[in-house]
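**Student:** Below is a structure I'd like to ask you about.
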Amino acid sequence: MEQIPEGTSFREIIKDKLRQNFDGKIVRKDLTKKIKEGANVPTYVLEFLLGQYCSSDDEEVIEAGIQKVKRILADNFVRPDESQKILSMLRQRGSHTVIDRITVSLNIKKDSYEAEFSNLGLKAIPISEEYPTKYDRLLCGGIWCIVQLDYEHVEEDKKNGTPIRIRKLTPIQMPHVDIDELKRGRKAFSKEEWMDVMLRSIGMEPDTLSYREKWLLLARMLPLVENNFNLCELGPRSTGKSHLYKEISPNSILISGGQTTVANLFYNMGRKTVGLVGLWDCVAFDEVAGIHFKDNDGVQIMKDYMASGSFARGKEEKAASASMVFIGNINQSVDVLLKTSSLFDPFPPEMGTDTAFLDRIHCYIPGWEIPKLRPEHFTDDYGFITDYLAEFIRELRKEQYGDALDKYFHLGKNLNQRDTIAVRKMVDGFLKLIYPDGEFTKEELEEILKLSLEMRRRVKEQLKKLGGMEFYDVNFSYIDNETFEEHYVSVPEQGGGKLIPEGMCNPGQVYTVSQGKSGMIGVFRLESQMLPGNGKFERTGIGSDRDAREATNTAFSFLKANGNRISGTISTTTKDYIINYQDLQGIGMTGKLALPTLIALCSIALGKPTQSSLVVLGEISIGGTLIKADELANALQVCLDSGAKRVLIPSTSFVDFATVPPDLLSAFQLIPYQSAEDAVFKALGVE
């Protein structure tokens, strides 16, 4: 093994390895930052030039290269406010080279192609058919190019429009990369070193990030390395959600939230041309809240495409490989969002409540875990030239690594076909990004599998909230092929298991699951106190809700009428009772808490706690008649997610057992009761 000189830093080791294995394909990112402050061009445009003139370790060569790049940008990059100056220069000299974003369109009337220059402000400039034929992205969204222009004023041509002609157009893109060279070079790096190189290549400084934050930022690259990958990231502002798709990759296009059309996105029937999904590796939607399709069938066509990578227009079925990315802001805390709605709330209603659409999202990155970007988060160290990074990532789209999963693990029974596809795509993508040489250990694969299961389960958890029992099976797991041990993967923000603690509660404390005012099923905690007095009954936490107040009155009236039958020691004349109701998941106070209230009052009166990890289901009428639990399957799923081990259930609910998956029923000790008194005895473990 090569000896590392004493005092050599981790950064210097990585830099030396980059020079040895990727000379000419790396750039100091502070150079990009220096020049970019004065030129509003995408990073990949700058680094295309820096790669040509600053690919050296010699400070003098670098400085000369920087000056050269600055001159090129000063002379040729078109700033919108200087467009007239550039045109005047073109007229005086007769020719001039510009760097601008060029979009080409077909003029049907003239049967010719015309170019539009974004910053120069020129439109309808004739362009040879060879360019849109060779570089079809010119036709949709446009690309940055170096363009040689000629200016020749001919009087007889005046009626034809413009004296400006395009002599030569060169897209700012790196030529084809040698993927085998990349794989050989990767072998020189450890996993941690390679992760740092990848992050620095997209402009981030890994030394300012936690290990998990590094993985989350790398997950943003999955749509660029995987075909037909659907990703969602919602989080606070200023976490750089759109940076990668707008600035770093020349193979992705960012659509700002707003009106879009099927013709633009998928297929233009009039022109018979494929839209953005056929021209880009990744189509990213910024500010998802503003997405709106002009066409009524837009969301349906998008759903079809996200599921199969194809879409029907007219009599034809078209296929494309572009990944879809949905980016948006969450303007409130995740805890509040989880309690009041779903993590898909920022989507427009036609998407955010459509479970069929949301189920097609493979990965949900928790944007709230990524720090807000400050100056120290951007690197000054070496990374790949972004064009080289983008091109080898694009080349890796052709390869498949996900099958390696089958050698060591298989997925648990709760993952359906869509879940399996999503997890496999993520495993494949992460392996290509971190181990492009195909060399990784079982432990390294397991790390990626756990993260992939979490990213998909986050989607499924929200679907369960929105779609009920159709999506009940969220307990994702994987099984080790050698030991047959099953491992379950949770989602950090859910925190469900903490709602109902393990072990005995204090006397007077009862947990129940019921349907709230919002229509969702959630967890309620009741805490009661008993004081010397003359039979007063006070309630806190229920607000002015009439149904809830009536339910508590029903419980206290039943206790006054039947207290002696339950126990001779319960008095409702010499004791005052205070009970507090806590809506743990913010679903709105419910009027179906009479039975849990009765059990809480009896528990404090007798000084006996309920059985450990117990949830009370069911309800009683004012006369003591049993009422079965609402939506039993959903209620039991909430019990499971919240950490319950035992469920007290009315015998009247037995008829609904057929609607509950067998593995959900077997997850608890089910304790049936025949009457209100029976429920009290069994909850308190009284014989």
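In the structure tokens, each chain is lettered A, B, ... as it comes, each chain's residues begin at 1, and ligands are numbered from 1 in order of appearance.
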What residues in range 194-274 of chain A get the DSSP label helix (DSSP H, G or I)? Please answer as a VMD selection string.
**Tutor:** chain A and resid 194 to 201 206 to 208 211 to 219 222 to 225 243 to 248 262 to 265
**Student:** Mind dumping the selected residues with N, CA, C and O atoms as a compact mmCIF listing (two decimals), in the first residue's frame?
**Tutor:**
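Saved as out.txt:
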# COMPACT_ATOMS: atom_id res chain seq x y z
N TRP A 194 -15.15 8.87 -2.45
CA TRP A 194 -15.91 9.04 -3.69
C TRP A 194 -17.17 9.87 -3.46
O TRP A 194 -17.54 10.70 -4.30
N MET A 195 -17.83 9.65 -2.33
CA MET A 195 -19.01 10.46 -2.00
C MET A 195 -18.64 11.94 -1.94
O MET A 195 -19.36 12.80 -2.46
N ASP A 196 -17.49 12.23 -1.32
CA ASP A 196 -17.04 13.63 -1.22
C ASP A 196 -16.73 14.21 -2.59
O ASP A 196 -17.05 15.37 -2.88
N VAL A 197 -16.11 13.40 -3.47
CA VAL A 197 -15.81 13.86 -4.83
C VAL A 197 -17.10 14.19 -5.57
O VAL A 197 -17.21 15.24 -6.23
N MET A 198 -18.09 13.32 -5.47
CA MET A 198 -19.37 13.54 -6.17
C MET A 198 -20.06 14.80 -5.66
O MET A 198 -20.61 15.58 -6.44
N LEU A 199 -20.03 15.00 -4.35
CA LEU A 199 -20.68 16.19 -3.78
C LEU A 199 -19.95 17.47 -4.18
O LEU A 199 -20.58 18.48 -4.51
N ARG A 200 -18.62 17.42 -4.18
CA ARG A 200 -17.86 18.61 -4.61
C ARG A 200 -18.09 18.89 -6.10
O ARG A 200 -18.04 20.04 -6.53
N SER A 201 -18.34 17.84 -6.85
CA SER A 201 -18.57 18.02 -8.29
C SER A 201 -19.87 18.77 -8.56
O SER A 201 -20.01 19.39 -9.60
N PRO A 206 -18.64 18.73 1.36
CA PRO A 206 -19.07 17.63 2.24
C PRO A 206 -18.63 17.78 3.68
O PRO A 206 -19.26 17.24 4.58
N ASP A 207 -17.53 18.54 3.93
CA ASP A 207 -17.06 18.71 5.31
C ASP A 207 -18.05 19.48 6.17
O ASP A 207 -17.94 19.47 7.40
N THR A 208 -19.02 20.15 5.56
CA THR A 208 -20.04 20.90 6.33
C THR A 208 -21.32 20.09 6.50
O THR A 208 -22.29 20.59 7.06
N TYR A 211 -23.26 12.75 7.68
CA TYR A 211 -23.23 11.58 6.80
C TYR A 211 -24.59 11.38 6.12
O TYR A 211 -24.67 11.13 4.92
N ARG A 212 -25.67 11.53 6.88
CA ARG A 212 -27.02 11.36 6.30
C ARG A 212 -27.32 12.46 5.29
O ARG A 212 -27.91 12.20 4.24
N GLU A 213 -26.92 13.69 5.59
CA GLU A 213 -27.16 14.80 4.65
C GLU A 213 -26.45 14.55 3.32
O GLU A 213 -26.97 14.88 2.25
N LYS A 214 -25.27 13.93 3.38
CA LYS A 214 -24.56 13.60 2.14
C LYS A 214 -25.39 12.64 1.28
O LYS A 214 -25.53 12.83 0.07
N TRP A 215 -25.95 11.62 1.92
CA TRP A 215 -26.76 10.65 1.17
C TRP A 215 -28.01 11.30 0.57
O TRP A 215 -28.41 11.00 -0.56
N LEU A 216 -28.63 12.21 1.34
CA LEU A 216 -29.85 12.86 0.84
C LEU A 216 -29.54 13.75 -0.37
O LEU A 216 -30.33 13.81 -1.32
N LEU A 217 -28.39 14.44 -0.34
CA LEU A 217 -28.02 15.27 -1.49
C LEU A 217 -27.68 14.41 -2.70
O LEU A 217 -28.01 14.76 -3.83
N LEU A 218 -27.05 13.26 -2.47
CA LEU A 218 -26.74 12.35 -3.58
C LEU A 218 -28.02 11.76 -4.17
O LEU A 218 -28.08 11.47 -5.37
N ALA A 219 -29.06 11.62 -3.34
CA ALA A 219 -30.33 11.08 -3.83
C ALA A 219 -30.94 11.99 -4.90
O ALA A 219 -31.68 11.52 -5.77
N LEU A 222 -30.38 10.77 -8.45
CA LEU A 222 -30.97 9.51 -8.95
C LEU A 222 -31.72 9.68 -10.27
O LEU A 222 -31.59 8.85 -11.17
N PRO A 223 -32.51 10.76 -10.46
CA PRO A 223 -33.22 10.90 -11.74
C PRO A 223 -32.29 11.09 -12.94
O PRO A 223 -32.70 10.87 -14.07
N LEU A 224 -31.04 11.50 -12.69
CA LEU A 224 -30.09 11.71 -13.78
C LEU A 224 -29.40 10.41 -14.19
O LEU A 224 -28.94 10.28 -15.31
N VAL A 225 -29.35 9.45 -13.25
CA VAL A 225 -28.63 8.21 -13.52
C VAL A 225 -29.58 7.04 -13.81
O VAL A 225 -29.17 5.99 -14.28
N HIS A 243 -31.16 23.53 -7.65
CA HIS A 243 -29.80 23.90 -8.10
C HIS A 243 -29.21 22.87 -9.07
O HIS A 243 -28.70 23.22 -10.14
N LEU A 244 -29.31 21.61 -8.71
CA LEU A 244 -28.71 20.55 -9.54
C LEU A 244 -29.33 20.52 -10.93
O LEU A 244 -28.62 20.42 -11.94
N TYR A 245 -30.66 20.62 -11.01
CA TYR A 245 -31.36 20.46 -12.29
C TYR A 245 -31.25 21.71 -13.17
O TYR A 245 -31.34 21.61 -14.39
N LYS A 246 -31.02 22.85 -12.54
CA LYS A 246 -30.95 24.10 -13.32
C LYS A 246 -29.51 24.46 -13.69
O LYS A 246 -29.22 24.81 -14.83
N GLU A 247 -28.60 24.37 -12.71
CA GLU A 247 -27.24 24.90 -12.89
C GLU A 247 -26.22 23.83 -13.29
O GLU A 247 -25.30 24.11 -14.04
N ILE A 248 -26.37 22.64 -12.72
CA ILE A 248 -25.29 21.66 -12.82
C ILE A 248 -25.42 20.76 -14.04
O ILE A 248 -24.45 20.52 -14.76
N VAL A 262 -49.81 19.32 -22.61
CA VAL A 262 -49.45 17.97 -23.04
C VAL A 262 -48.52 18.05 -24.26
O VAL A 262 -47.56 17.30 -24.37
N ALA A 263 -48.80 18.98 -25.17
CA ALA A 263 -47.99 19.13 -26.38
C ALA A 263 -46.55 19.48 -26.02
O ALA A 263 -45.60 18.93 -26.58
N ASN A 264 -46.37 20.38 -25.07
CA ASN A 264 -45.03 20.80 -24.67
C ASN A 264 -44.29 19.69 -23.93
O ASN A 264 -43.11 19.45 -24.14
N LEU A 265 -45.02 18.97 -23.08
CA LEU A 265 -44.39 17.98 -22.21
C LEU A 265 -44.25 16.61 -22.88
O LEU A 265 -43.24 15.93 -22.72
**Student:** What lies within 9 Å of range 547-560 of chain A using only C-alpha atoms, ignoring chain neighbours under 4 positions off, as a list of chain:residue names?
**Tutor:**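 That gives A:Phe537, A:Arg539, A:Ile542, A:Gly543, A:Asn564, A:Ile566, A:Ile570, A:Ser571, A:Thr572, A:Thr573, A:Met589, A:Thr590, A:Gly591, A:Lys592, A:Leu593, A:Ala594, A:Leu595, A:Pro596, A:Thr597, A:Leu598, A:Ile599, A:Leu601, A:Cys602, A:Ile620, A:Ser621, A:Ile622, A:Gly623, A:Gly624.
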**Student:** Between A:Ile166, A:Gln417, A:Asp335, A:Glu677, which has the minimum distance to Ala561 in chain A (counting only C-alpha atoms)?
**Tutor:**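 Nearest candidate to Ala561 in chain A out of A:Ile166, A:Gln417, A:Asp335, A:Glu677: A:Glu677.
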**Student:** Using only C-alpha atoms, which residues sit within 10 Å of Pro532 in chain A once same-chain residues fewer than 6 positions away are excluded, as a JSON list (two decimals) with all heavy atoms, in the first residue's frame?
**Tutor:**
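Result went into part-v9.json, see below:
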[["chain", "number", "residue", "atom", "x", "y", "z"],
["A", 573, "THR", "N", -70.56, 10.98, 44.52],
["A", 573, "THR", "CA", -71.17, 12.05, 45.33],
["A", 573, "THR", "C", -70.16, 12.71, 46.27],
["A", 573, "THR", "O", -70.32, 13.88, 46.63],
["A", 573, "THR", "CB", -72.34, 11.50, 46.17],
["A", 573, "THR", "OG1", -71.86, 10.40, 46.95],
["A", 573, "THR", "CG2", -73.49, 11.06, 45.27],
["A", 574, "THR", "N", -69.13, 11.97, 46.66],
["A", 574, "THR", "CA", -68.14, 12.54, 47.60],
["A", 574, "THR", "C", -66.82, 12.86, 46.91],
["A", 574, "THR", "O", -65.85, 13.24, 47.56],
["A", 574, "THR", "CB", -67.86, 11.56, 48.76],
["A", 574, "THR", "OG1", -67.34, 10.35, 48.22],
["A", 574, "THR", "CG2", -69.14, 11.28, 49.55],
["A", 575, "LYS", "N", -66.77, 12.67, 45.60],
["A", 575, "LYS", "CA", -65.54, 12.92, 44.85],
["A", 575, "LYS", "C", -65.82, 13.80, 43.63],
["A", 575, "LYS", "O", -66.89, 13.69, 43.01],
["A", 575, "LYS", "CB", -64.92, 11.61, 44.35],
["A", 575, "LYS", "CG", -64.62, 10.59, 45.44],
["A", 575, "LYS", "CD", -63.44, 11.02, 46.31],
["A", 575, "LYS", "CE", -63.13, 9.96, 47.38],
["A", 575, "LYS", "NZ", -62.07, 10.42, 48.29],
["A", 576, "ASP", "N", -64.86, 14.67, 43.32],
["A", 576, "ASP", "CA", -64.91, 15.44, 42.07],
["A", 576, "ASP", "C", -63.97, 14.79, 41.06],
["A", 576, "ASP", "O", -62.90, 14.27, 41.43],
["A", 576, "ASP", "CB", -64.45, 16.89, 42.30],
["A", 576, "ASP", "CG", -65.47, 17.70, 43.08],
["A", 576, "ASP", "OD1", -66.63, 17.25, 43.18],
["A", 576, "ASP", "OD2", -65.09, 18.77, 43.59],
["A", 577, "TYR", "N", -64.36, 14.82, 39.80],
["A", 577, "TYR", "CA", -63.54, 14.21, 38.74],
["A", 577, "TYR", "C", -63.16, 15.29, 37.70],
["A", 577, "TYR", "O", -64.00, 16.09, 37.30],
["A", 577, "TYR", "CB", -64.30, 13.09, 38.03],
["A", 577, "TYR", "CG", -64.57, 11.90, 38.93],
["A", 577, "TYR", "CD1", -65.71, 11.85, 39.72],
["A", 577, "TYR", "CD2", -63.67, 10.84, 38.99],
["A", 577, "TYR", "CE1", -65.97, 10.78, 40.56],
["A", 577, "TYR", "CE2", -63.91, 9.75, 39.82],
["A", 577, "TYR", "CZ", -65.06, 9.73, 40.60],
["A", 577, "TYR", "OH", -65.29, 8.65, 41.43]]
**Student:** Using only C-alpha atoms, which protein or nucleic acid residues come within 9 Å of Tyr435 in chain A? Drop anything in the same chain fewer than 5 positions from it, and give the result as a VMD selection string.
**Tutor:** chain A and resid 183 186 to 187 191 194 430 440
**Student:** Just the selected residues (N, CA and C atoms), exported as a PDB file, in the first residue's frame, please.
**Tutor:**
ATOM      1  N   LYS A 183     -14.533   3.814 -14.513  1.00  0.00           N
ATOM      2  CA  LYS A 183     -14.586   2.661 -13.613  1.00  0.00           C
ATOM      3  C   LYS A 183     -13.198   2.320 -13.069  1.00  0.00           C
ATOM      4  N   ARG A 186     -12.331   4.951 -10.424  1.00  0.00           N
ATOM      5  CA  ARG A 186     -13.099   4.820  -9.172  1.00  0.00           C
ATOM      6  C   ARG A 186     -12.419   3.884  -8.175  1.00  0.00           C
ATOM      7  N   LYS A 187     -11.703   2.881  -8.668  1.00  0.00           N
ATOM      8  CA  LYS A 187     -11.080   1.869  -7.803  1.00  0.00           C
ATOM      9  C   LYS A 187     -10.041   2.471  -6.859  1.00  0.00           C
ATOM     10  N   LYS A 191     -15.219   4.494  -0.368  1.00  0.00           N
ATOM     11  CA  LYS A 191     -16.605   4.953  -0.516  1.00  0.00           C
ATOM     12  C   LYS A 191     -16.750   6.403  -0.056  1.00  0.00           C
ATOM     13  N   TRP A 194     -15.145   8.869  -2.453  1.00  0.00           N
ATOM     14  CA  TRP A 194     -15.910   9.037  -3.694  1.00  0.00           C
ATOM     15  C   TRP A 194     -17.174   9.868  -3.462  1.00  0.00           C
ATOM     16  N   PHE A 430     -28.293   4.320  -6.752  1.00  0.00           N
ATOM     17  CA  PHE A 430     -27.262   4.597  -5.748  1.00  0.00           C
ATOM     18  C   PHE A 430     -25.985   3.809  -6.032  1.00  0.00           C
ATOM     19  N   PHE A 440     -18.705  -3.652  -4.534  1.00  0.00           N
ATOM     20  CA  PHE A 440     -19.235  -3.242  -3.236  1.00  0.00           C
ATOM     21  C   PHE A 440     -19.468  -4.486  -2.395  1.00  0.00           C
TER      22      PHE A 440
END
**Student:** Neighbours of Phe229 in chain A within 10 Å (only C-alpha atoms; same-chain residues fewer than 6 positions away dropped), as a PyMOL selection string?
**Tutor:** chain A and resi 222-223+281-282+306-307+309+321-325+360-363+422+425-426+429
